[in-house]
Amino acid sequence: MEEFPGMPEPRRGLSAAAAAAILLALAAVTFPRAVAAHVESMSIPELASVSPHVVVAVVEGRESRWNAQHTLLVTDYALRVEDRLRGQAPDRITLTVPGGTLGNVSDETCVTVSLDPGARYLLFLGNLDRPSFTPIVGAELGMIREVSGTWFRALVAAVRPLAAQPLAARPPRQRPSPALPAKTWDAKLRGKYIYHEIAKPPILVNPLTAGSAFSPWDQREMALWNLYAGDLFEVVATPSSTWAFGNGVSDIAGFPPDDQMLVNFGMTWGEIGNDVLAITISHKENGVLTEADVAVNPNRSWTVDEVVGMRYFQPYPFQEIILHELGHVWGLHHPSEEHVQAGWDSVMHYKDRHYYVEELFPDDTNAVRAAFPPGVSLRDGLISSYTTYWNTDVNLVDYVPARPSVSTVRASGGFTLTDPIKIENPGTVPLDNPLVEVYLTPKQRSFTGGVLLKRLRVPGTVPAGGLQVVDVGPLRVPAGTRAGTYFLAFFLRDPKDVYQANNGAWSNEDVTLKVTRR
């Protein structure tokens, strides 16, 4: 045992059979496009299970306008329905989504979707009897554009029997898919982030008041962005529990109920989409982001317990969601938003619950330094118990955990890991020959009672803004290790690192190793 001083606790041209096989695989894998942590993850079968209407439609036109309250620009899409897989949608549908542009003024939300006139889509839609908005279930998860006619027809054919099943109140939650084969990783991440209009710093933010159960966690996430960007976010001197969209102040609005959402945005949570966890609504004038208000869905359960927040069927992690939304507040988009094959890690990604970690990755820190130069020079390393890559079979970023090669091992026995881990450099100082330690720990997010398995010096240099994939090699359990079930844990040992909170990483709740004494 060891003490830890200072350690803070669509492929084109596919056959119908191939498309059906992909769909089957997607039963346990989500289908992300331009959404991230603010939308609940759902696979295509899950989308089909809860969508009142599943249609194939062609976009015949679009037009932006002010909502009835003149508080938010919205966009109307005229759709011609060609096929109904579920529901009795009329031949023509007007689909209204939040966000739009009129002249030099734009409003945008992080669940705003963009449909291209003339394009054909498979759409998973909510109720059509709402007075204003008809949400696309899952935001951009629920809109799949035809790229290849063969592939699209095969996908529709595979979804049809799913949509023929009875409508479910909530999706049957799927377990994560098995680890996928490792592909390739990109060691240089500069320039892959996406932002257009950005705010002028410092960005004045009205945070949660001290009376909120989640204060000051929102301010902590602002401080994390400021660690890399300097004085990017500034908190108002006297936080107020009242807020309004259009007052030039970016608000962490907390958990506003439907009546407040109607006053400020002209839409309820049901109209936004029950699968939306949080939403950032931004106002832009003459290409400058002048205000961005963050609202968290009060119909969901929330926690600041990191372990609980990363587990299925448990409350969602408030701090990771807010860290993501604050990226939108200054102007950062989702990496995959503009058809980018975003195989690298980012707080702005749509991801599985197991990877809801409260961390900024090099793509995020490179972005904020580029948007608001010069940023802050600092030494900072980050370690993860998984790797990511762009899966071209299903056009999404995949997270691949490093799993033990065996489920059970005797004390003094050996094992290996099925996949590598990764070290990243969100800072500006190159990391030469970093030192990695591998442990077994009784709990996630804690090294207390940890059993050291190995120390290894990783050869080479992790450049500023880059990453290095690490194969830790063979591992052996010490003979005196107590019997029990352990998590894998990794620590990046660097006393010069100015932000130690991202120097530890643990395996997922379903990635454990049982140690026996006989």
# chains A, B, ... in the order shown; residues from 1 in each chain; ligands from 1
>>> residues_around(residues="A:Val397", least_positions_apart="3", cutoff="9 Å", atoms="only C-alpha atoms", output="PDB file with N, CA and C atoms, in the first residue's frame")
ATOM      1  N   PRO A  32     -24.071   9.993 -32.222  1.00  0.00           N
ATOM      2  CA  PRO A  32     -23.947  11.436 -32.066  1.00  0.00           C
ATOM      3  C   PRO A  32     -23.612  12.140 -33.359  1.00  0.00           C
ATOM      4  N   SER A 336     -17.949  17.996 -33.784  1.00  0.00           N
ATOM      5  CA  SER A 336     -18.480  17.294 -34.953  1.00  0.00           C
ATOM      6  C   SER A 336     -19.535  18.103 -35.691  1.00  0.00           C
ATOM      7  N   GLN A 341     -14.508  14.900 -38.672  1.00  0.00           N
ATOM      8  CA  GLN A 341     -14.341  13.578 -38.074  1.00  0.00           C
ATOM      9  C   GLN A 341     -13.582  13.735 -36.760  1.00  0.00           C
ATOM     10  N   ALA A 342     -14.352  14.037 -35.718  1.00  0.00           N
ATOM     11  CA  ALA A 342     -13.779  14.461 -34.444  1.00  0.00           C
ATOM     12  C   ALA A 342     -13.431  13.263 -33.567  1.00  0.00           C
ATOM     13  N   GLY A 343     -12.330  12.610 -33.868  1.00  0.00           N
ATOM     14  CA  GLY A 343     -11.940  11.427 -33.125  1.00  0.00           C
ATOM     15  C   GLY A 343     -11.145  11.701 -31.869  1.00  0.00           C
ATOM     16  N   TRP A 344     -10.973  12.972 -31.509  1.00  0.00           N
ATOM     17  CA  TRP A 344     -10.205  13.326 -30.320  1.00  0.00           C
ATOM     18  C   TRP A 344     -11.156  13.626 -29.169  1.00  0.00           C
ATOM     19  N   ASP A 345     -10.615  13.768 -27.978  1.00  0.00           N
ATOM     20  CA  ASP A 345     -11.422  13.983 -26.781  1.00  0.00           C
ATOM     21  C   ASP A 345     -11.738  15.464 -26.611  1.00  0.00           C
ATOM     22  N   HIS A 349     -17.887  17.140 -26.479  1.00  0.00           N
ATOM     23  CA  HIS A 349     -18.414  15.957 -27.154  1.00  0.00           C
ATOM     24  C   HIS A 349     -19.715  15.473 -26.531  1.00  0.00           C
ATOM     25  N   TYR A 350     -20.479  14.836 -27.363  1.00  0.00           N
ATOM     26  CA  TYR A 350     -21.555  13.963 -26.908  1.00  0.00           C
ATOM     27  C   TYR A 350     -20.875  12.669 -26.481  1.00  0.00           C
ATOM     28  N   LYS A 351     -21.267  12.127 -25.329  1.00  0.00           N
ATOM     29  CA  LYS A 351     -20.520  10.972 -24.839  1.00  0.00           C
ATOM     30  C   LYS A 351     -21.370  10.098 -23.926  1.00  0.00           C
ATOM     31  N   THR A 388      -9.770   7.480 -27.535  1.00  0.00           N
ATOM     32  CA  THR A 388     -10.881   7.792 -28.435  1.00  0.00           C
ATOM     33  C   THR A 388     -10.394   7.707 -29.878  1.00  0.00           C
ATOM     34  N   TYR A 389     -11.312   7.407 -30.777  1.00  0.00           N
ATOM     35  CA  TYR A 389     -10.992   7.431 -32.186  1.00  0.00           C
ATOM     36  C   TYR A 389     -12.280   7.629 -32.970  1.00  0.00           C
ATOM     37  N   TRP A 390     -12.163   8.051 -34.231  1.00  0.00           N
ATOM     38  CA  TRP A 390     -13.328   8.246 -35.080  1.00  0.00           C
ATOM     39  C   TRP A 390     -13.679   6.934 -35.750  1.00  0.00           C
ATOM     40  N   ASN A 391     -14.865   6.427 -35.459  1.00  0.00           N
ATOM     41  CA  ASN A 391     -15.318   5.160 -36.011  1.00  0.00           C
ATOM     42  C   ASN A 391     -16.005   5.429 -37.347  1.00  0.00           C
ATOM     43  N   THR A 392     -15.324   5.142 -38.441  1.00  0.00           N
ATOM     44  CA  THR A 392     -15.874   5.427 -39.764  1.00  0.00           C
ATOM     45  C   THR A 392     -17.028   4.516 -40.132  1.00  0.00           C
ATOM     46  N   VAL A 394     -19.672   3.944 -38.318  1.00  0.00           N
ATOM     47  CA  VAL A 394     -20.938   4.539 -37.870  1.00  0.00           C
ATOM     48  C   VAL A 394     -20.844   6.052 -37.705  1.00  0.00           C
TER      49      VAL A 394
END
>>> select_by_dssp(residues="stretch 113-164 of chain A", states="helix (DSSP H, G or I)", output="list in words")
Ala139, Glu140, Leu141, Gly142, Gly149, Thr150, Trp151, Phe152, Arg153, Ala154, Leu155, Val156, Ala157, Ala158, Val159, Arg160, Pro161, Leu162 and Ala163 of chain A
>>> select_by_dssp(residues="stretch 366-509 of chain A", states="strand (DSSP E or B)", output="PyMOL selection string")
chain A and resi 382-384+386-391+396-401+404+408-410+414-415+417+421-424+431-432+435-441+451-457+461-462+466-470+475-476+484-493+504-506
>>> atom_distance(atom1="atom CA of A:Leu128", atom2="atom CA of A:Val294")
26.7 Å
>>> atom_distance(atom1="atom CA of A:Gln444", atom2="atom CA of A:Pro216")
23.8 Å
>>> closest_residue(among="A:Arg220, A:His328, A:Arg84, A:His70", to="A:Thr109", atoms="only C-alpha atoms")
A:His328
>>> residues_around(residues="A:Asn67", least_positions_apart="5", cutoff="10 Å", atoms="only C-alpha atoms", output="list in words")
Leu72, Leu73, Val74, Thr75, Pro98, Gly99, Ser132, Phe265, Gly266 and Met267 of chain A
>>> write_last_selection(atoms="N, CA and C atoms", output="PDB file, in the first residue's frame")
ATOM      1  N   LEU A  72     -36.859  35.636 -28.975  1.00  0.00           N
ATOM      2  CA  LEU A  72     -35.947  34.642 -29.535  1.00  0.00           C
ATOM      3  C   LEU A  72     -36.261  34.429 -31.011  1.00  0.00           C
ATOM      4  N   LEU A  73     -35.209  34.411 -31.822  1.00  0.00           N
ATOM      5  CA  LEU A  73     -35.390  34.052 -33.224  1.00  0.00           C
ATOM      6  C   LEU A  73     -35.584  32.547 -33.359  1.00  0.00           C
ATOM      7  N   VAL A  74     -36.528  32.159 -34.198  1.00  0.00           N
ATOM      8  CA  VAL A  74     -36.776  30.745 -34.471  1.00  0.00           C
ATOM      9  C   VAL A  74     -36.766  30.548 -35.978  1.00  0.00           C
ATOM     10  N   THR A  75     -36.653  29.286 -36.404  1.00  0.00           N
ATOM     11  CA  THR A  75     -36.638  28.970 -37.828  1.00  0.00           C
ATOM     12  C   THR A  75     -37.714  27.933 -38.133  1.00  0.00           C
ATOM     13  N   PRO A  98     -35.735  26.381 -32.279  1.00  0.00           N
ATOM     14  CA  PRO A  98     -35.169  27.620 -31.733  1.00  0.00           C
ATOM     15  C   PRO A  98     -33.874  27.987 -32.445  1.00  0.00           C
ATOM     16  N   GLY A  99     -33.685  29.297 -32.654  1.00  0.00           N
ATOM     17  CA  GLY A  99     -32.475  29.770 -33.307  1.00  0.00           C
ATOM     18  C   GLY A  99     -32.720  30.189 -34.735  1.00  0.00           C
ATOM     19  N   SER A 132     -46.385  25.329 -30.702  1.00  0.00           N
ATOM     20  CA  SER A 132     -45.288  26.083 -31.311  1.00  0.00           C
ATOM     21  C   SER A 132     -44.183  25.172 -31.838  1.00  0.00           C
ATOM     22  N   PHE A 265     -37.976  32.485 -23.428  1.00  0.00           N
ATOM     23  CA  PHE A 265     -37.652  31.843 -24.699  1.00  0.00           C
ATOM     24  C   PHE A 265     -38.871  31.434 -25.517  1.00  0.00           C
ATOM     25  N   GLY A 266     -40.059  31.552 -24.927  1.00  0.00           N
ATOM     26  CA  GLY A 266     -41.253  31.194 -25.670  1.00  0.00           C
ATOM     27  C   GLY A 266     -41.414  29.717 -25.903  1.00  0.00           C
ATOM     28  N   MET A 267     -40.811  28.872 -25.060  1.00  0.00           N
ATOM     29  CA  MET A 267     -40.921  27.425 -25.215  1.00  0.00           C
ATOM     30  C   MET A 267     -40.742  26.752 -23.864  1.00  0.00           C
TER      31      MET A 267
END
>>> residues_around(residues="A:Glu285", least_positions_apart="2", cutoff="8 Å", atoms="only C-alpha atoms", output="ChimeraX atom specification")
/A:104-106,283,287-290
>>> write_last_selection(atoms="N, CA and C atoms", output="PDB file, in the first residue's frame")
ATOM      1  N   ASN A 104     -28.358  41.273 -39.202  1.00  0.00           N
ATOM      2  CA  ASN A 104     -27.103  41.118 -38.456  1.00  0.00           C
ATOM      3  C   ASN A 104     -27.310  40.552 -37.058  1.00  0.00           C
ATOM      4  N   VAL A 105     -28.521  40.043 -36.791  1.00  0.00           N
ATOM      5  CA  VAL A 105     -28.846  39.491 -35.474  1.00  0.00           C
ATOM      6  C   VAL A 105     -29.068  37.990 -35.589  1.00  0.00           C
ATOM      7  N   SER A 106     -28.463  37.249 -34.685  1.00  0.00           N
ATOM      8  CA  SER A 106     -28.622  35.797 -34.663  1.00  0.00           C
ATOM      9  C   SER A 106     -28.885  35.322 -33.250  1.00  0.00           C
ATOM     10  N   HIS A 283     -27.175  34.995 -27.996  1.00  0.00           N
ATOM     11  CA  HIS A 283     -27.584  36.114 -28.843  1.00  0.00           C
ATOM     12  C   HIS A 283     -26.340  36.754 -29.443  1.00  0.00           C
ATOM     13  N   GLY A 287     -21.857  39.726 -35.575  1.00  0.00           N
ATOM     14  CA  GLY A 287     -20.796  38.735 -35.461  1.00  0.00           C
ATOM     15  C   GLY A 287     -20.171  38.606 -34.094  1.00  0.00           C
ATOM     16  N   VAL A 288     -20.737  39.257 -33.079  1.00  0.00           N
ATOM     17  CA  VAL A 288     -20.196  39.172 -31.716  1.00  0.00           C
ATOM     18  C   VAL A 288     -21.236  38.535 -30.806  1.00  0.00           C
ATOM     19  N   LEU A 289     -20.820  37.571 -30.019  1.00  0.00           N
ATOM     20  CA  LEU A 289     -21.709  36.930 -29.054  1.00  0.00           C
ATOM     21  C   LEU A 289     -21.867  37.866 -27.864  1.00  0.00           C
ATOM     22  N   THR A 290     -23.073  38.396 -27.679  1.00  0.00           N
ATOM     23  CA  THR A 290     -23.298  39.410 -26.655  1.00  0.00           C
ATOM     24  C   THR A 290     -23.918  38.853 -25.385  1.00  0.00           C
TER      25      THR A 290
END
>>> residues_around(residues="A:Pro135", least_positions_apart="4", cutoff="6 Å", atoms="only C-alpha atoms", output="list in words")
Gly126, Glu271, Ile272 and Gly273 of chain A
>>> write_last_selection(atoms="all heavy atoms", output="PDB file, in the first residue's frame")
ATOM      1  N   GLY A 126     -41.196  14.464 -32.061  1.00  0.00           N
ATOM      2  CA  GLY A 126     -42.081  14.453 -30.905  1.00  0.00           C
ATOM      3  C   GLY A 126     -43.525  14.652 -31.343  1.00  0.00           C
ATOM      4  O   GLY A 126     -43.889  14.436 -32.501  1.00  0.00           O
ATOM      5  N   GLU A 271     -41.320  21.237 -25.109  1.00  0.00           N
ATOM      6  CA  GLU A 271     -41.161  21.682 -26.488  1.00  0.00           C
ATOM      7  C   GLU A 271     -39.697  21.665 -26.917  1.00  0.00           C
ATOM      8  O   GLU A 271     -39.385  21.433 -28.093  1.00  0.00           O
ATOM      9  CB  GLU A 271     -41.759  23.077 -26.650  1.00  0.00           C
ATOM     10  CG  GLU A 271     -43.272  23.073 -26.547  1.00  0.00           C
ATOM     11  CD  GLU A 271     -43.867  24.464 -26.451  1.00  0.00           C
ATOM     12  OE1 GLU A 271     -43.205  25.348 -25.848  1.00  0.00           O
ATOM     13  OE2 GLU A 271     -44.975  24.670 -26.955  1.00  0.00           O
ATOM     14  N   ILE A 272     -38.798  21.916 -25.987  1.00  0.00           N
ATOM     15  CA  ILE A 272     -37.371  21.816 -26.298  1.00  0.00           C
ATOM     16  C   ILE A 272     -37.018  20.355 -26.551  1.00  0.00           C
ATOM     17  O   ILE A 272     -36.259  20.026 -27.456  1.00  0.00           O
ATOM     18  CB  ILE A 272     -36.515  22.378 -25.148  1.00  0.00           C
ATOM     19  CG1 ILE A 272     -36.790  23.868 -24.979  1.00  0.00           C
ATOM     20  CG2 ILE A 272     -35.025  22.142 -25.399  1.00  0.00           C
ATOM     21  CD1 ILE A 272     -36.170  24.444 -23.726  1.00  0.00           C
ATOM     22  N   GLY A 273     -37.585  19.458 -25.728  1.00  0.00           N
ATOM     23  CA  GLY A 273     -37.292  18.029 -25.818  1.00  0.00           C
ATOM     24  C   GLY A 273     -36.973  17.479 -24.452  1.00  0.00           C
ATOM     25  O   GLY A 273     -36.080  17.977 -23.755  1.00  0.00           O
TER      26      GLY A 273
END
>>> residues_around(residues="A:Tyr439", least_positions_apart="5", cutoff="6 Å", atoms="only C-alpha atoms", output="list in words")
Val451, Leu452, Leu453, Leu488 and Ala489 of chain A
>>> write_last_selection(atoms="C-alpha atoms", output="PDB file, in the first residue's frame")
ATOM      1  CA  VAL A 451      -2.127  -1.168  -4.599  1.00  0.00           C
ATOM      2  CA  LEU A 452       0.795  -0.061  -6.754  1.00  0.00           C
ATOM      3  CA  LEU A 453       1.313  -2.390  -9.727  1.00  0.00           C
ATOM      4  CA  LEU A 488      -7.795   0.114 -12.456  1.00  0.00           C
ATOM      5  CA  ALA A 489      -6.300   3.494 -11.661  1.00  0.00           C
TER       6      ALA A 489
END
>>> residues_around(residues="A:Ala244", least_positions_apart="2", cutoff="7 Å", atoms="only C-alpha atoms", output="short mmCIF file (atom, residue, chain, number, x, y, z; two decimals) with N, CA, C and O atoms, in the first residue's frame")
data_model
loop_
_atom_site.label_atom_id
_atom_site.label_comp_id
_atom_site.auth_asym_id
_atom_site.auth_seq_id
_atom_site.Cartn_x
_atom_site.Cartn_y
_atom_site.Cartn_z
N GLY A 246 -31.67 38.71 -23.02
CA GLY A 246 -31.71 39.96 -23.75
C GLY A 246 -31.23 41.15 -22.96
O GLY A 246 -31.35 42.29 -23.43
N ASN A 247 -30.68 40.90 -21.75
CA ASN A 247 -30.22 42.02 -20.92
C ASN A 247 -28.72 42.24 -21.01
O ASN A 247 -28.16 43.05 -20.28
N ASN A 264 -39.01 33.84 -21.17
CA ASN A 264 -37.72 34.22 -21.74
C ASN A 264 -37.49 33.68 -23.16
O ASN A 264 -36.86 34.35 -23.98
#
